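J.: Structure in C-alpha cells, see below.
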Amino acid sequence: MRAVVYRGVNDLRLETVPVPRIGPRELLVKVAVCGVCPTDIKKIQHGAVPPPRIFGHETAGTIVKIGGGAGVHASRFKIGDRVALHHHVPCGGCHFCRHRAFAQCAAYKRTGITAGFEPAGGGYAEYVRVMPFVLPGVVKIPAKNSFAEGAMLEPVNTVLKAVRRLNLLPGDAVLVAGQGPIGLMFTKILQLARIRVLAADLLESRLKLAKKFGAKWTRLANSLSAAGGGEGRGEVVSQLDAAIIAVPSDDAVTQAFRLVRGGGQVLLFAHTKRDAPSPLSAAGGGEGRGWVAAFSLDLASVCVDEKDLIGSYSSDFTLQAEVARLVFSRRLDVRQLITHTFPLAQTAAAVALAARPAEDSLKILVAGTSRCAVRRR
Ligand SMILES: [Zn+2]
Ligand SMILES: [Zn+2]
C-alpha cells in the first residue's frame with residue numbers, strides 16, 4: 001500500500017509499505033480521510049520523535065478485516081462498517097484516571113493505531129491497524145454523515161474537554177483568542193451552552209466566520225488591549241469570566257489575564273511546545289503569527305484576584321458519545337470548517353498549508369488515496 005512516511009525533520013515521503021497485518025480482535029481499516037492536526041505538524045517540523053513513523057490520527061474509514069480470537073468484537077463491528085477512530089484510550093483505573101487527568105495516564109499515551117513502524121496514528125496511509133485497547137473509542141459513522149465529519153470527532157473532543165475544564169454558567173462571557181478551526185469550534189460549542197463569546201483573531205475573514213459560528217462580539221487580536229471605542233467593548237472587556245487561548249501566543253495570555261475578572265480562568269490550549277523561547281514575533285509564522293511574544297504575570301492576580309491559569313491537552317474518552325452526537329446531529333456543523341482535501345501523495349503540501357494557514361484555509365484533510373485532486377470547499 002502507499003503511505004507517507006516521516007523520515008526526518010520536514011521530510012515526508014510517499015512510499016510503498018506492507019499493508020499492516022492484524023492480530024486477534026484487531027481491525028484493519030481502509031482510510032477514507034485523515035485530518036491534519038497541529039500536534040503532528042509540530043512533530044514533523046521539530047523532530048520531536050524519532051523517524052520513521054506514519055503520522056495522522058484524525059482518521060475515518062471502512063472496516064475491511066476483523067481479527068479472530070476469543071472475545072472478538074464481532075458483535076459491535078462488521079466488515080463494511082464506516083468508522084471514526086480514536087487513537088488514545090485511558091486505562092480508567094490508575095491514579096491519573098481517577099483524577100480525570102486522562103492525558104497523563106500511561107495507557108492513554110500508548111498509540112493504538114498504526115500503518116507500520118512505531119505506532120503514530122498511521123492515518124496518512126491507505127490502511128491502518130486498530131489494536132484492541134483502543135476499540136472502545138471506535139465510533140460508527142451514521143449513513144447520513146460523511147467520513148470527513150467522522151474524522152473531526154477527535155479535534156472536537158479536545159475542544160469539548162477543554163470547555164468542561166471551565167466553571168462557566170449560562171450568560172457568562174468568554175474570550176476565544178484565535179479563530180482557526182479549533183477556535184471556531186470553541187466559539188460554537190460555547191454558544192450552544194449559552195455563553196457569550198468574544199472572538200479574536202488577526203484575520204478579518206476569520207472574524208466574519210466567528211460571527212457565523214455564534215460569536216457575540218469580535219475583535220482584531222492586536223486591538224484587544226486598546227482601551228475604549230468599538231462595539232461592545234466597554235460592556236465586555238471588564239467582565240470576561242474566562243479566556244481560551246487557542247493560539248501559541250504568550251502575549252495573548254498576558255492580555256487575557258488582565259481581561260478576565262476576579263475568579264476567572266485563563267485556559268491554554270495551544271501552548272504545546274516545551275521550552276518555547278518566546279516563539280512568536282510579529283514576523284513569526286504559523287497559527288499565531290502577528291501576536292507579539294511576551295508573557296509576564298503578576299502573581300497577585302492569581303492569589304488575590306483568584307484568577308486561575310489552567311491547561312487542557314488532548315481528548316477525554318468519556319466524552320466521545322456526546323461528541324459524536326454533537327457532530328453527527330450537526331448542531332456543530334464541522335463541514336463548514338473543512339476547506340481543503342489533499343490526495344495522499346500531497347500530504348507534505350497539506351501539512352505545509354496547515355502550518356501556515358492562508359486567508360481561505362481552515363481544517364485540512366488528507367484523503368486515503370493518491371488518486372484525487374486537491375479539493376477546495
Ligand atoms: Zn488531533
Ligand atoms: Zn489510567
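Labeling convention for the C-alpha cells: chains A, B, ... as they appear, residues from 1 per chain, ligands from 1 in order of appearance.
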Which residues are near ligand 2 in this structure, taking near to mean any atom at most 12 Å from a ligand atom and counting only C-alpha atoms and all ligand atoms? Format them as a PyMOL selection string.
T.: chain A and resi 88-110+316-317
J.: Could those selected residues go to a file with C-alpha atoms, as a short mmCIF file (atom, residue, chain, number, x, y, z; two decimals), in the first residue's frame?
T.:
```
data_model
loop_
_atom_site.label_atom_id
_atom_site.label_comp_id
_atom_site.auth_asym_id
_atom_site.auth_seq_id
_atom_site.Cartn_x
_atom_site.Cartn_y
_atom_site.Cartn_z
CA HIS A 88 -5.81 7.11 22.69
CA VAL A 89 -7.91 5.33 25.30
CA PRO A 90 -7.07 5.63 29.02
CA CYS A 91 -6.99 2.65 31.40
CA GLY A 92 -9.71 4.11 33.60
CA GLY A 93 -8.27 2.86 36.88
CA CYS A 94 -4.87 4.47 37.51
CA HIS A 95 -4.05 7.43 39.73
CA PHE A 96 -4.37 9.87 36.81
CA CYS A 97 -7.61 8.40 35.51
CA ARG A 98 -9.14 8.59 38.98
CA HIS A 99 -8.29 12.30 38.89
CA ARG A 100 -9.69 12.52 35.35
CA ALA A 101 -6.25 13.60 34.08
CA PHE A 102 -6.59 11.10 31.24
CA ALA A 103 -3.84 12.58 29.08
CA GLN A 104 -1.33 11.75 31.84
CA CYS A 105 -2.34 8.03 32.01
CA ALA A 106 0.40 5.66 30.80
CA ALA A 107 -2.11 3.55 28.85
CA TYR A 108 -3.51 6.68 27.23
CA LYS A 109 -0.07 7.65 25.99
CA ARG A 110 0.20 4.39 24.06
CA ASP A 316 -11.38 12.85 27.07
CA PHE A 317 -12.51 9.42 26.06
#
```
J.: Using only C-alpha atoms and all ligand atoms, which residues have at least one atom no more than 12 Å from ligand 1? Output them as an NGL selection string.
T.: :A and (34-42 or 55-59 or 85-88 or 120-121 or 123 or 151-159 or 181-182 or 270 or 313-315 or 363-365)
J.: I want to know what sits within 9 Å of Thr369 of chain A, based on only C-alpha atoms, with residues of the same chain fewer than 6 positions away left out; could you give that as JSON, numbers by chain?
T.: {"A": [2, 31, 32, 33, 125, 126, 343, 344, 345]}
J.: Would you mind telling me which residue in A:Arg258, A:Arg330, A:Arg196, A:Lys43 lies nearest to Val174 of chain A when using only C-alpha atoms?
T.: A:Arg196
J.: Please determine, counting only C-alpha atoms, which residue among A:Arg76, A:Arg82, A:Arg164, A:Arg331 has the shortest atom-to-atom distance to Pro142 of chain A.
T.: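 Ranked by minimum distance to Pro142 of chain A, first place goes to A:Arg82.
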J.: Could I get the residues of segment 171-199 of chain A with an atom no further than 12 Å from an atom of segment 262-269 of chain A, each paired with its nearest atom pair and that distance in Å to one decimal, using only C-alpha atoms, sorted by chain and residue number, as JSON lines?
T.:
```
{"residue": "A:Asp172", "atom": "CA", "partner": "A:Gly264", "partner_atom": "CA", "distance": 10.4}
{"residue": "A:Ala173", "atom": "CA", "partner": "A:Gly264", "partner_atom": "CA", "distance": 10.3}
{"residue": "A:Val174", "atom": "CA", "partner": "A:Gln265", "partner_atom": "CA", "distance": 9.4}
{"residue": "A:Leu175", "atom": "CA", "partner": "A:Val266", "partner_atom": "CA", "distance": 9.2}
{"residue": "A:Val176", "atom": "CA", "partner": "A:Leu267", "partner_atom": "CA", "distance": 9.7}
{"residue": "A:Ala177", "atom": "CA", "partner": "A:Phe269", "partner_atom": "CA", "distance": 10.0}
{"residue": "A:Gly178", "atom": "CA", "partner": "A:Phe269", "partner_atom": "CA", "distance": 10.4}
{"residue": "A:Ile182", "atom": "CA", "partner": "A:Phe269", "partner_atom": "CA", "distance": 9.4}
{"residue": "A:Gly183", "atom": "CA", "partner": "A:Phe269", "partner_atom": "CA", "distance": 9.7}
{"residue": "A:Phe186", "atom": "CA", "partner": "A:Phe269", "partner_atom": "CA", "distance": 10.6}
```
J.: Just the selected residues (C-alpha atoms), exported as a CSV table (one decimal), in the first residue's frame, please.
T.:
```csv
chain,number,residue,atom,x,y,z
A,172,ASP,CA,-21.0,34.2,31.1
A,173,ALA,CA,-18.7,36.0,28.7
A,174,VAL,CA,-15.6,34.2,27.3
A,175,LEU,CA,-12.7,35.4,25.1
A,176,VAL,CA,-11.6,32.9,22.5
A,177,ALA,CA,-8.2,34.0,21.2
A,178,GLY,CA,-7.6,32.5,17.7
A,182,ILE,CA,-10.2,24.9,16.7
A,183,GLY,CA,-11.1,28.4,17.9
A,186,PHE,CA,-14.8,26.6,20.8
```
J.: One decimal, Å: what's the distance from atom CA of Arg356 of chain A over to atom CA of Val334 of chain A, could you say?
T.: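 The value is 20.7 Å.
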J.: Would you list the contacts of segment 5-17 of chain A as a list in words, taking every protein, DNA or RNA residue within 9 Å and counting only C-alpha atoms, but skipping same-chain residues closer than 6 positions in sequence?
T.: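 Here the qualifying residues turn out to be Lys43, Ile44, Gln45, His46, Gly47, Ala48, Pro50, Pro51, Pro52, Arg53, Ile54, Phe55, Ala115, Gly116, Tyr124, Ala125, Leu344, Ala345, Gln346, Thr347 and Ala348 of chain A.
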J.: Store the residues picked out above, limited to C-alpha atoms, as an mmCIF file, in the first residue's frame.
T.:
```
data_model
loop_
_atom_site.group_PDB
_atom_site.id
_atom_site.type_symbol
_atom_site.label_atom_id
_atom_site.label_comp_id
_atom_site.auth_asym_id
_atom_site.auth_seq_id
_atom_site.Cartn_x
_atom_site.Cartn_y
_atom_site.Cartn_z
ATOM 1 C CA LYS A 43 6.400 16.580 15.407
ATOM 2 C CA ILE A 44 7.147 16.805 11.675
ATOM 3 C CA GLN A 45 8.679 20.273 11.792
ATOM 4 C CA HIS A 46 10.602 19.977 15.050
ATOM 5 C CA GLY A 47 11.554 16.316 15.030
ATOM 6 C CA ALA A 48 10.047 15.742 18.474
ATOM 7 C CA PRO A 50 12.492 9.737 16.055
ATOM 8 C CA PRO A 51 11.716 8.589 12.480
ATOM 9 C CA PRO A 52 10.489 6.530 10.744
ATOM 10 C CA ARG A 53 6.801 6.927 11.547
ATOM 11 C CA ILE A 54 3.497 7.290 9.780
ATOM 12 C CA PHE A 55 1.506 10.122 11.360
ATOM 13 C CA ALA A 115 0.185 1.807 9.488
ATOM 14 C CA GLY A 116 3.647 0.439 10.242
ATOM 15 C CA TYR A 124 -1.501 9.179 6.206
ATOM 16 C CA ALA A 125 -1.688 5.740 4.615
ATOM 17 C CA LEU A 344 -2.357 11.146 -0.019
ATOM 18 C CA ALA A 345 0.570 11.835 -2.356
ATOM 19 C CA GLN A 346 0.368 15.526 -1.450
ATOM 20 C CA THR A 347 0.393 15.092 2.328
ATOM 21 C CA ALA A 348 3.506 17.266 2.631
#
```
J.: Give the strand (DSSP E or B) residues of segment 166-241 of chain A, as assigned by DSSP on the backbone, as a list in words.
T.: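 Written out, the strand (DSSP E or B) residues of segment 166-241 of chain A are Ala173, Val174, Leu175, Val176, Ala177, Arg196, Val197, Leu198, Ala199, Ala200, Asp201, Trp217, Thr218, Arg219, Leu220, Leu240 and Asp241 of chain A.
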J.: If you keep C-alpha atoms, can you produce a file of those selected residues as a CSV table (one decimal), in the first residue's frame?
T.:
```csv
chain,number,residue,atom,x,y,z
A,173,ALA,CA,-18.7,36.0,28.7
A,174,VAL,CA,-15.6,34.2,27.3
A,175,LEU,CA,-12.7,35.4,25.1
A,176,VAL,CA,-11.6,32.9,22.5
A,177,ALA,CA,-8.2,34.0,21.2
A,196,ARG,CA,-21.4,34.9,25.1
A,197,VAL,CA,-18.2,34.7,23.1
A,198,LEU,CA,-15.7,37.5,22.3
A,199,ALA,CA,-13.8,36.1,19.3
A,200,ALA,CA,-10.4,37.5,18.5
A,201,ASP,CA,-8.1,36.8,15.5
A,217,TRP,CA,-18.5,40.1,19.7
A,218,THR,CA,-15.4,40.0,17.5
A,219,ARG,CA,-12.2,41.9,17.8
A,220,LEU,CA,-8.9,42.0,15.8
A,240,LEU,CA,-14.9,38.3,31.0
A,241,ASP,CA,-15.4,35.2,33.0
```
